[in-house]
>>> print(open('coords-v8.cif').read())   # mmCIF, C-alpha atoms
data_start
loop_
_atom_site.group_PDB
_atom_site.id
_atom_site.type_symbol
_atom_site.label_atom_id
_atom_site.label_comp_id
_atom_site.auth_asym_id
_atom_site.auth_seq_id
_atom_site.Cartn_x
_atom_site.Cartn_y
_atom_site.Cartn_z
ATOM 1 C CA MET A 1 22.259 -19.425 -3.227
ATOM 2 C CA PHE A 2 18.964 -19.440 -1.341
ATOM 3 C CA GLY A 3 17.058 -22.551 -0.331
ATOM 4 C CA LYS A 4 13.272 -22.633 -0.721
ATOM 5 C CA LEU A 5 12.506 -21.291 2.776
ATOM 6 C CA ASP A 6 15.335 -18.751 2.755
ATOM 7 C CA GLU A 7 14.268 -17.426 -0.646
ATOM 8 C CA LYS A 8 10.673 -16.996 0.545
ATOM 9 C CA ALA A 9 11.768 -15.125 3.674
ATOM 10 C CA TYR A 10 14.188 -12.983 1.672
ATOM 11 C CA LEU A 11 11.605 -11.955 -0.915
ATOM 12 C CA CYS A 12 8.632 -11.498 1.377
ATOM 13 C CA ARG A 13 7.837 -8.109 2.921
ATOM 14 C CA MET A 14 4.979 -5.700 3.379
ATOM 15 C CA ARG A 15 4.688 -3.700 0.170
ATOM 16 C CA ILE A 16 2.883 -0.583 -0.888
ATOM 17 C CA VAL A 17 2.457 1.274 -4.124
ATOM 18 C CA ILE A 18 1.680 4.948 -3.543
ATOM 19 C CA GLN A 19 0.150 7.009 -6.294
ATOM 20 C CA ARG A 20 -0.237 10.750 -5.916
ATOM 21 C CA VAL A 21 -3.701 11.517 -7.237
ATOM 22 C CA THR A 22 -6.018 14.427 -7.852
ATOM 23 C CA GLU A 23 -8.878 11.993 -7.246
ATOM 24 C CA ALA A 24 -9.400 8.269 -6.737
ATOM 25 C CA SER A 25 -12.252 5.929 -5.979
ATOM 26 C CA VAL A 26 -13.030 2.288 -5.425
ATOM 27 C CA ALA A 27 -16.297 0.612 -6.376
ATOM 28 C CA ILE A 28 -17.003 -2.583 -4.479
ATOM 29 C CA ALA A 29 -19.090 -5.350 -6.034
ATOM 30 C CA GLY A 30 -22.576 -5.345 -4.573
ATOM 31 C CA GLU A 31 -22.456 -1.750 -3.324
ATOM 32 C CA GLU A 32 -24.043 1.205 -5.052
ATOM 33 C CA ASN A 33 -21.786 3.908 -3.644
ATOM 34 C CA LYS A 34 -18.143 4.413 -4.444
ATOM 35 C CA ARG A 35 -15.614 5.264 -1.788
ATOM 36 C CA SER A 36 -13.680 8.237 -3.081
ATOM 37 C CA ILE A 37 -11.063 10.831 -2.227
ATOM 38 C CA GLY A 38 -9.818 14.097 -3.657
ATOM 39 C CA LYS A 39 -6.194 15.190 -3.788
ATOM 40 C CA GLY A 40 -3.902 12.800 -1.945
ATOM 41 C CA PHE A 41 -2.658 9.210 -2.126
ATOM 42 C CA LEU A 42 -4.077 6.003 -3.509
ATOM 43 C CA ILE A 43 -2.171 3.269 -1.664
ATOM 44 C CA LEU A 44 -2.149 -0.379 -2.708
ATOM 45 C CA LEU A 45 -1.071 -2.537 0.261
ATOM 46 C CA GLY A 46 0.208 -6.119 0.196
ATOM 47 C CA VAL A 47 0.909 -8.179 3.325
ATOM 48 C CA CYS A 48 2.971 -11.365 3.638
ATOM 49 C CA GLU A 49 3.085 -13.986 6.395
ATOM 50 C CA GLU A 50 6.107 -12.589 8.240
ATOM 51 C CA ASP A 51 4.859 -8.992 8.449
ATOM 52 C CA THR A 52 4.192 -7.360 11.806
ATOM 53 C CA GLN A 53 2.762 -4.140 13.204
ATOM 54 C CA ASP A 54 6.333 -2.794 13.232
ATOM 55 C CA ASP A 55 6.356 -3.093 9.432
ATOM 56 C CA ALA A 56 3.052 -1.230 9.215
ATOM 57 C CA ASP A 57 4.304 1.471 11.625
ATOM 58 C CA TRP A 58 7.420 2.045 9.493
ATOM 59 C CA LEU A 59 5.347 2.372 6.313
ATOM 60 C CA VAL A 60 2.836 4.739 7.949
ATOM 61 C CA LYS A 61 5.664 6.995 9.101
ATOM 62 C CA LYS A 62 7.185 7.031 5.611
ATOM 63 C CA VAL A 63 3.845 7.666 3.876
ATOM 64 C CA ALA A 64 2.883 10.503 6.233
ATOM 65 C CA GLY A 65 6.246 12.215 5.818
ATOM 66 C CA LEU A 66 6.739 11.603 2.094
ATOM 67 C CA ARG A 67 7.336 15.000 0.490
ATOM 68 C CA VAL A 68 5.908 14.673 -3.011
ATOM 69 C CA PHE A 69 3.475 17.600 -3.146
ATOM 70 C CA ASP A 70 4.608 20.898 -4.639
ATOM 71 C CA ASP A 71 5.368 23.894 -2.460
ATOM 72 C CA ASP A 72 4.747 27.474 -3.600
ATOM 73 C CA GLU A 73 7.849 27.331 -5.796
ATOM 74 C CA GLY A 74 6.778 24.151 -7.598
ATOM 75 C CA ILE A 75 9.246 21.915 -5.759
ATOM 76 C CA MET A 76 8.142 18.599 -4.257
ATOM 77 C CA ASN A 77 8.591 19.631 -0.653
ATOM 78 C CA ARG A 78 5.239 19.084 1.061
ATOM 79 C CA SER A 79 3.798 15.976 2.704
ATOM 80 C CA ILE A 80 0.259 14.601 2.752
ATOM 81 C CA GLN A 81 -0.064 16.147 6.216
ATOM 82 C CA ASP A 82 1.115 19.552 4.955
ATOM 83 C CA GLU A 83 -1.447 19.352 2.132
ATOM 84 C CA GLY A 84 -4.303 18.104 4.296
ATOM 85 C CA GLY A 85 -4.681 15.457 1.595
ATOM 86 C CA ASP A 86 -6.796 12.327 1.569
ATOM 87 C CA CYS A 87 -5.782 8.663 1.476
ATOM 88 C CA LEU A 88 -7.502 5.662 -0.062
ATOM 89 C CA VAL A 89 -5.996 2.284 0.906
ATOM 90 C CA VAL A 90 -6.824 -0.832 -1.097
ATOM 91 C CA SER A 91 -5.643 -4.319 -0.156
ATOM 92 C CA GLN A 92 -3.650 -5.832 -3.003
ATOM 93 C CA PHE A 93 -2.357 -9.385 -2.554
ATOM 94 C CA THR A 94 -1.312 -9.432 -6.215
ATOM 95 C CA LEU A 95 1.682 -7.253 -5.292
ATOM 96 C CA PHE A 96 3.244 -10.599 -4.341
ATOM 97 C CA ALA A 97 2.861 -12.201 -7.773
ATOM 98 C CA SER A 98 5.455 -14.857 -8.456
ATOM 99 C CA TYR A 99 5.930 -15.338 -12.191
ATOM 100 C CA LYS A 100 9.142 -17.338 -12.081
ATOM 101 C CA LYS A 101 7.592 -20.500 -13.535
ATOM 102 C CA GLY A 102 5.316 -20.195 -16.539
ATOM 103 C CA ASN A 103 2.885 -17.438 -17.345
ATOM 104 C CA ARG A 104 0.280 -17.961 -14.646
ATOM 105 C CA PRO A 105 1.330 -16.044 -11.522
ATOM 106 C CA SER A 106 1.023 -17.500 -8.071
ATOM 107 C CA TRP A 107 0.605 -15.597 -4.838
ATOM 108 C CA PHE A 108 2.086 -18.022 -2.324
ATOM 109 C CA ARG A 109 3.944 -15.169 -0.595
ATOM 110 C CA ALA A 110 0.752 -13.276 0.223
ATOM 111 C CA ALA A 111 -0.422 -13.674 3.814
ATOM 112 C CA ARG A 112 -3.450 -15.676 4.822
ATOM 113 C CA HIS A 113 -6.550 -13.684 5.813
ATOM 114 C CA GLU A 114 -6.002 -14.183 9.549
ATOM 115 C CA ILE A 115 -2.688 -12.307 9.216
ATOM 116 C CA SER A 116 -3.378 -9.858 6.412
ATOM 117 C CA VAL A 117 -6.796 -8.537 7.458
ATOM 118 C CA PRO A 118 -5.693 -7.366 10.940
ATOM 119 C CA LEU A 119 -2.496 -5.814 9.524
ATOM 120 C CA TYR A 120 -4.420 -4.067 6.743
ATOM 121 C CA GLN A 121 -6.863 -2.666 9.308
ATOM 122 C CA TYR A 122 -4.005 -1.698 11.621
ATOM 123 C CA PHE A 123 -2.198 0.123 8.787
ATOM 124 C CA CYS A 124 -5.361 2.058 7.887
ATOM 125 C CA GLN A 125 -6.066 2.970 11.526
ATOM 126 C CA LYS A 126 -2.480 4.136 12.164
ATOM 127 C CA LEU A 127 -2.404 6.132 8.933
ATOM 128 C CA SER A 128 -5.686 7.809 9.865
ATOM 129 C CA GLU A 129 -4.365 8.700 13.317
ATOM 130 C CA THR A 130 -1.105 10.009 11.851
ATOM 131 C CA ILE A 131 -2.610 12.241 9.170
ATOM 132 C CA GLY A 132 -5.456 13.322 11.445
ATOM 133 C CA LYS A 133 -8.367 12.364 9.226
ATOM 134 C CA PRO A 134 -10.301 9.272 8.161
ATOM 135 C CA VAL A 135 -8.759 7.005 5.541
ATOM 136 C CA ALA A 136 -11.012 5.631 2.826
ATOM 137 C CA THR A 137 -10.652 1.906 2.217
ATOM 138 C CA GLY A 138 -11.567 -0.827 -0.155
ATOM 139 C CA GLU A 139 -13.031 -4.054 1.168
ATOM 140 C CA PHE A 140 -10.615 -6.850 1.873
ATOM 141 C CA GLY A 141 -11.167 -9.832 -0.419
ATOM 142 C CA ALA A 142 -13.912 -8.189 -2.486
ATOM 143 C CA MET A 143 -13.915 -7.683 -6.239
ATOM 144 C CA MET A 144 -13.193 -3.974 -6.674
ATOM 145 C CA GLN A 145 -12.808 -1.496 -9.492
ATOM 146 C CA VAL A 146 -10.273 1.202 -8.698
ATOM 147 C CA SER A 147 -10.267 4.487 -10.603
ATOM 148 C CA LEU A 148 -7.706 7.237 -10.298
ATOM 149 C CA VAL A 149 -6.254 10.318 -11.862
ATOM 150 C CA ASN A 150 -2.527 10.006 -11.236
ATOM 151 C CA ASP A 151 -1.062 13.446 -10.556
ATOM 152 C CA GLY A 152 2.326 13.969 -12.154
ATOM 153 C CA PRO A 153 2.369 11.022 -12.549
ATOM 154 C CA VAL A 154 3.999 10.242 -9.226
ATOM 155 C CA THR A 155 4.131 6.559 -8.281
ATOM 156 C CA ILE A 156 6.396 5.224 -5.533
ATOM 157 C CA CYS A 157 6.914 1.633 -4.389
ATOM 158 C CA MET A 158 8.035 0.860 -0.840
ATOM 159 C CA ASP A 159 8.634 -2.289 1.080
ATOM 160 C CA THR A 160 9.759 -2.974 4.597
ATOM 161 C CA LYS A 161 12.787 -5.089 3.699
ATOM 162 C CA ASN A 162 14.279 -2.549 1.293
ATOM 163 C CA LYS A 163 14.372 0.645 3.333
ATOM 164 C CA GLU A 164 16.077 2.923 0.811
#
>>> encode(input="coords-v8.cif", output="structure tokens")
Amino acid sequence: MFGKLDEKAYLCRMRIVIQRVTEASVAIAGEENKRSIGKGFLILLGVCEEDTQDDADWLVKKVAGLRVFDDDEGIMNRSIQDEGGDCLVVSQFTLFASYKKGNRPSWFRAARHEISVPLYQYFCQKLSETIGKPVATGEFGAMMQVSLVNDGPVTICMDTKNKE
């Protein structure tokens, strides 16, 4: 049904995996200190070639308004802003793994650095502005070890071409 180019365009979109956490951290190779947060979101972010700042803006708005924290009655009815929670954003090109052929995934849908780095930085800056506090980050392209305590567990995947 789809040709090679059409299939790539159809499948490619900015993606995030949001995990509600009680704590999370990222250790970056070559650094002694970890970057860590308390209660909030660990967000894995993948960027593809066709993504724009509009895609990042849409995701920031959804993340900031996502009501997955319990209110006083134990119902998920509060947002990260309501909680005053923290965010840790880690770049994750492997969210675009293609495993259609064989067992070794390829990442041909992931954006090149000249596209993905500015969009990753833009997403982090906009999220920080929206929630009103600094956002902790990993380091783009570095080997990192991510640790988290998933709260719930609550894990939500979003992408900009499947706006459910």
>>> closest_residue(input="coords-v8.cif", among="A:Ala97, A:Val63, A:Ile28, A:Cys87", to="Arg109 of chain A", atoms="all atoms listed in the file")
A:Ala97
>>> resolve_selection(input="coords-v8.cif", expression="the PyMOL selection byres ((chain A and resi 88) around 6)", output="PyMOL selection string")
chain A and resi 42+87+89+135-137
>>> closest_residue(input="coords-v8.cif", among="A:Val47, A:Gly84, A:Ser91, A:Trp107", to="Met143 of chain A", atoms="only C-alpha atoms")
A:Ser91
>>> atom_distance(input="coords-v8.cif", atom1="atom CA of Ile16 of chain A", atom2="atom CA of Asp71 of chain A")
24.7 Å
>>> resolve_selection(input="coords-v8.cif", expression="the PyMOL selection byres ((chain A and resi 94) around 8)", output="list in words")
Gly46, Gln92, Phe93, Leu95, Phe96, Ala97, Trp107 and Ala110 of chain A
>>> write_last_selection(input="coords-v8.cif", atoms="C-alpha atoms", output="compact mmCIF listing (two decimals), in the frame of the given file")
# COMPACT_ATOMS: atom_id res chain seq x y z
CA GLY A 46 0.21 -6.12 0.20
CA GLN A 92 -3.65 -5.83 -3.00
CA PHE A 93 -2.36 -9.38 -2.55
CA LEU A 95 1.68 -7.25 -5.29
CA PHE A 96 3.24 -10.60 -4.34
CA ALA A 97 2.86 -12.20 -7.77
CA TRP A 107 0.60 -15.60 -4.84
CA ALA A 110 0.75 -13.28 0.22
>>> atom_distance(input="coords-v8.cif", atom1="atom CA of Val21 of chain A", atom2="atom CA of Asn33 of chain A")
19.9 Å
>>> residues_around(input="coords-v8.cif", residues="Pro134 of chain A", least_positions_apart="2", cutoff="9 Å", atoms="only C-alpha atoms", output="ChimeraX atom specification")
/A:86-87,124-125,127-129,131-132,136
>>> residues_near_point(input="coords-v8.cif", point="(7.1, 3.4, 7.9)", cutoff="10 Å", atoms="all atoms listed in the file", output="short mmCIF file (atom, residue, chain, number, x, y, z; two decimals) with C-alpha atoms, in the frame of the given file")
data_model
loop_
_atom_site.label_atom_id
_atom_site.label_comp_id
_atom_site.auth_asym_id
_atom_site.auth_seq_id
_atom_site.Cartn_x
_atom_site.Cartn_y
_atom_site.Cartn_z
CA ASP A 54 6.33 -2.79 13.23
CA ASP A 55 6.36 -3.09 9.43
CA ALA A 56 3.05 -1.23 9.22
CA ASP A 57 4.30 1.47 11.62
CA TRP A 58 7.42 2.04 9.49
CA LEU A 59 5.35 2.37 6.31
CA VAL A 60 2.84 4.74 7.95
CA LYS A 61 5.66 7.00 9.10
CA LYS A 62 7.18 7.03 5.61
CA VAL A 63 3.84 7.67 3.88
CA ALA A 64 2.88 10.50 6.23
CA GLY A 65 6.25 12.22 5.82
CA PHE A 123 -2.20 0.12 8.79
CA LEU A 127 -2.40 6.13 8.93
CA MET A 158 8.04 0.86 -0.84
CA ASP A 159 8.63 -2.29 1.08
CA THR A 160 9.76 -2.97 4.60
CA LYS A 163 14.37 0.64 3.33
#
>>> resolve_selection(input="coords-v8.cif", expression="the PyMOL selection byres ((chain A and resi 156) around 9)", output="mmCIF file with C-alpha atoms, in the frame of the given file")
data_model
loop_
_atom_site.group_PDB
_atom_site.id
_atom_site.type_symbol
_atom_site.label_atom_id
_atom_site.label_comp_id
_atom_site.auth_asym_id
_atom_site.auth_seq_id
_atom_site.Cartn_x
_atom_site.Cartn_y
_atom_site.Cartn_z
ATOM 1 C CA ILE A 16 2.883 -0.583 -0.888
ATOM 2 C CA VAL A 17 2.457 1.274 -4.124
ATOM 3 C CA ILE A 18 1.680 4.948 -3.543
ATOM 4 C CA GLN A 19 0.150 7.009 -6.294
ATOM 5 C CA ARG A 20 -0.237 10.750 -5.916
ATOM 6 C CA VAL A 154 3.999 10.242 -9.226
ATOM 7 C CA THR A 155 4.131 6.559 -8.281
ATOM 8 C CA CYS A 157 6.914 1.633 -4.389
ATOM 9 C CA MET A 158 8.035 0.860 -0.840
#
>>> atom_distance(input="coords-v8.cif", atom1="atom CA of Cys48 of chain A", atom2="atom CA of Lys101 of chain A")
20.0 Å
>>> closest_residue(input="coords-v8.cif", among="A:Lys39, A:Gln145, A:Asn103, A:Gly138", to="Glu83 of chain A", atoms="all atoms listed in the file")
A:Lys39
>>> axis_aligned_box(input="coords-v8.cif", around="segment 116-130 of chain A", padding_each_side="6 Å", output="lines of an AutoDock Vina configuration file")
center_x = -4.0
center_y = 0.1
center_z = 9.9
size_x = 17.8
size_y = 31.9
size_z = 18.9
>>> closest_residue(input="coords-v8.cif", among="A:Ala29, A:Arg104, A:Val117, A:Ile80", to="Val146 of chain A", atoms="all atoms listed in the file")
A:Ala29
>>> closest_residue(input="coords-v8.cif", among="A:Ile115, A:Leu44, A:Ile37, A:Ala27", to="Lys133 of chain A", atoms="all atoms listed in the file")
A:Ile37
>>> closest_residue(input="coords-v8.cif", among="A:Val26, A:Glu32, A:His113, A:Gly40", to="Ser79 of chain A", atoms="all atoms listed in the file")
A:Gly40
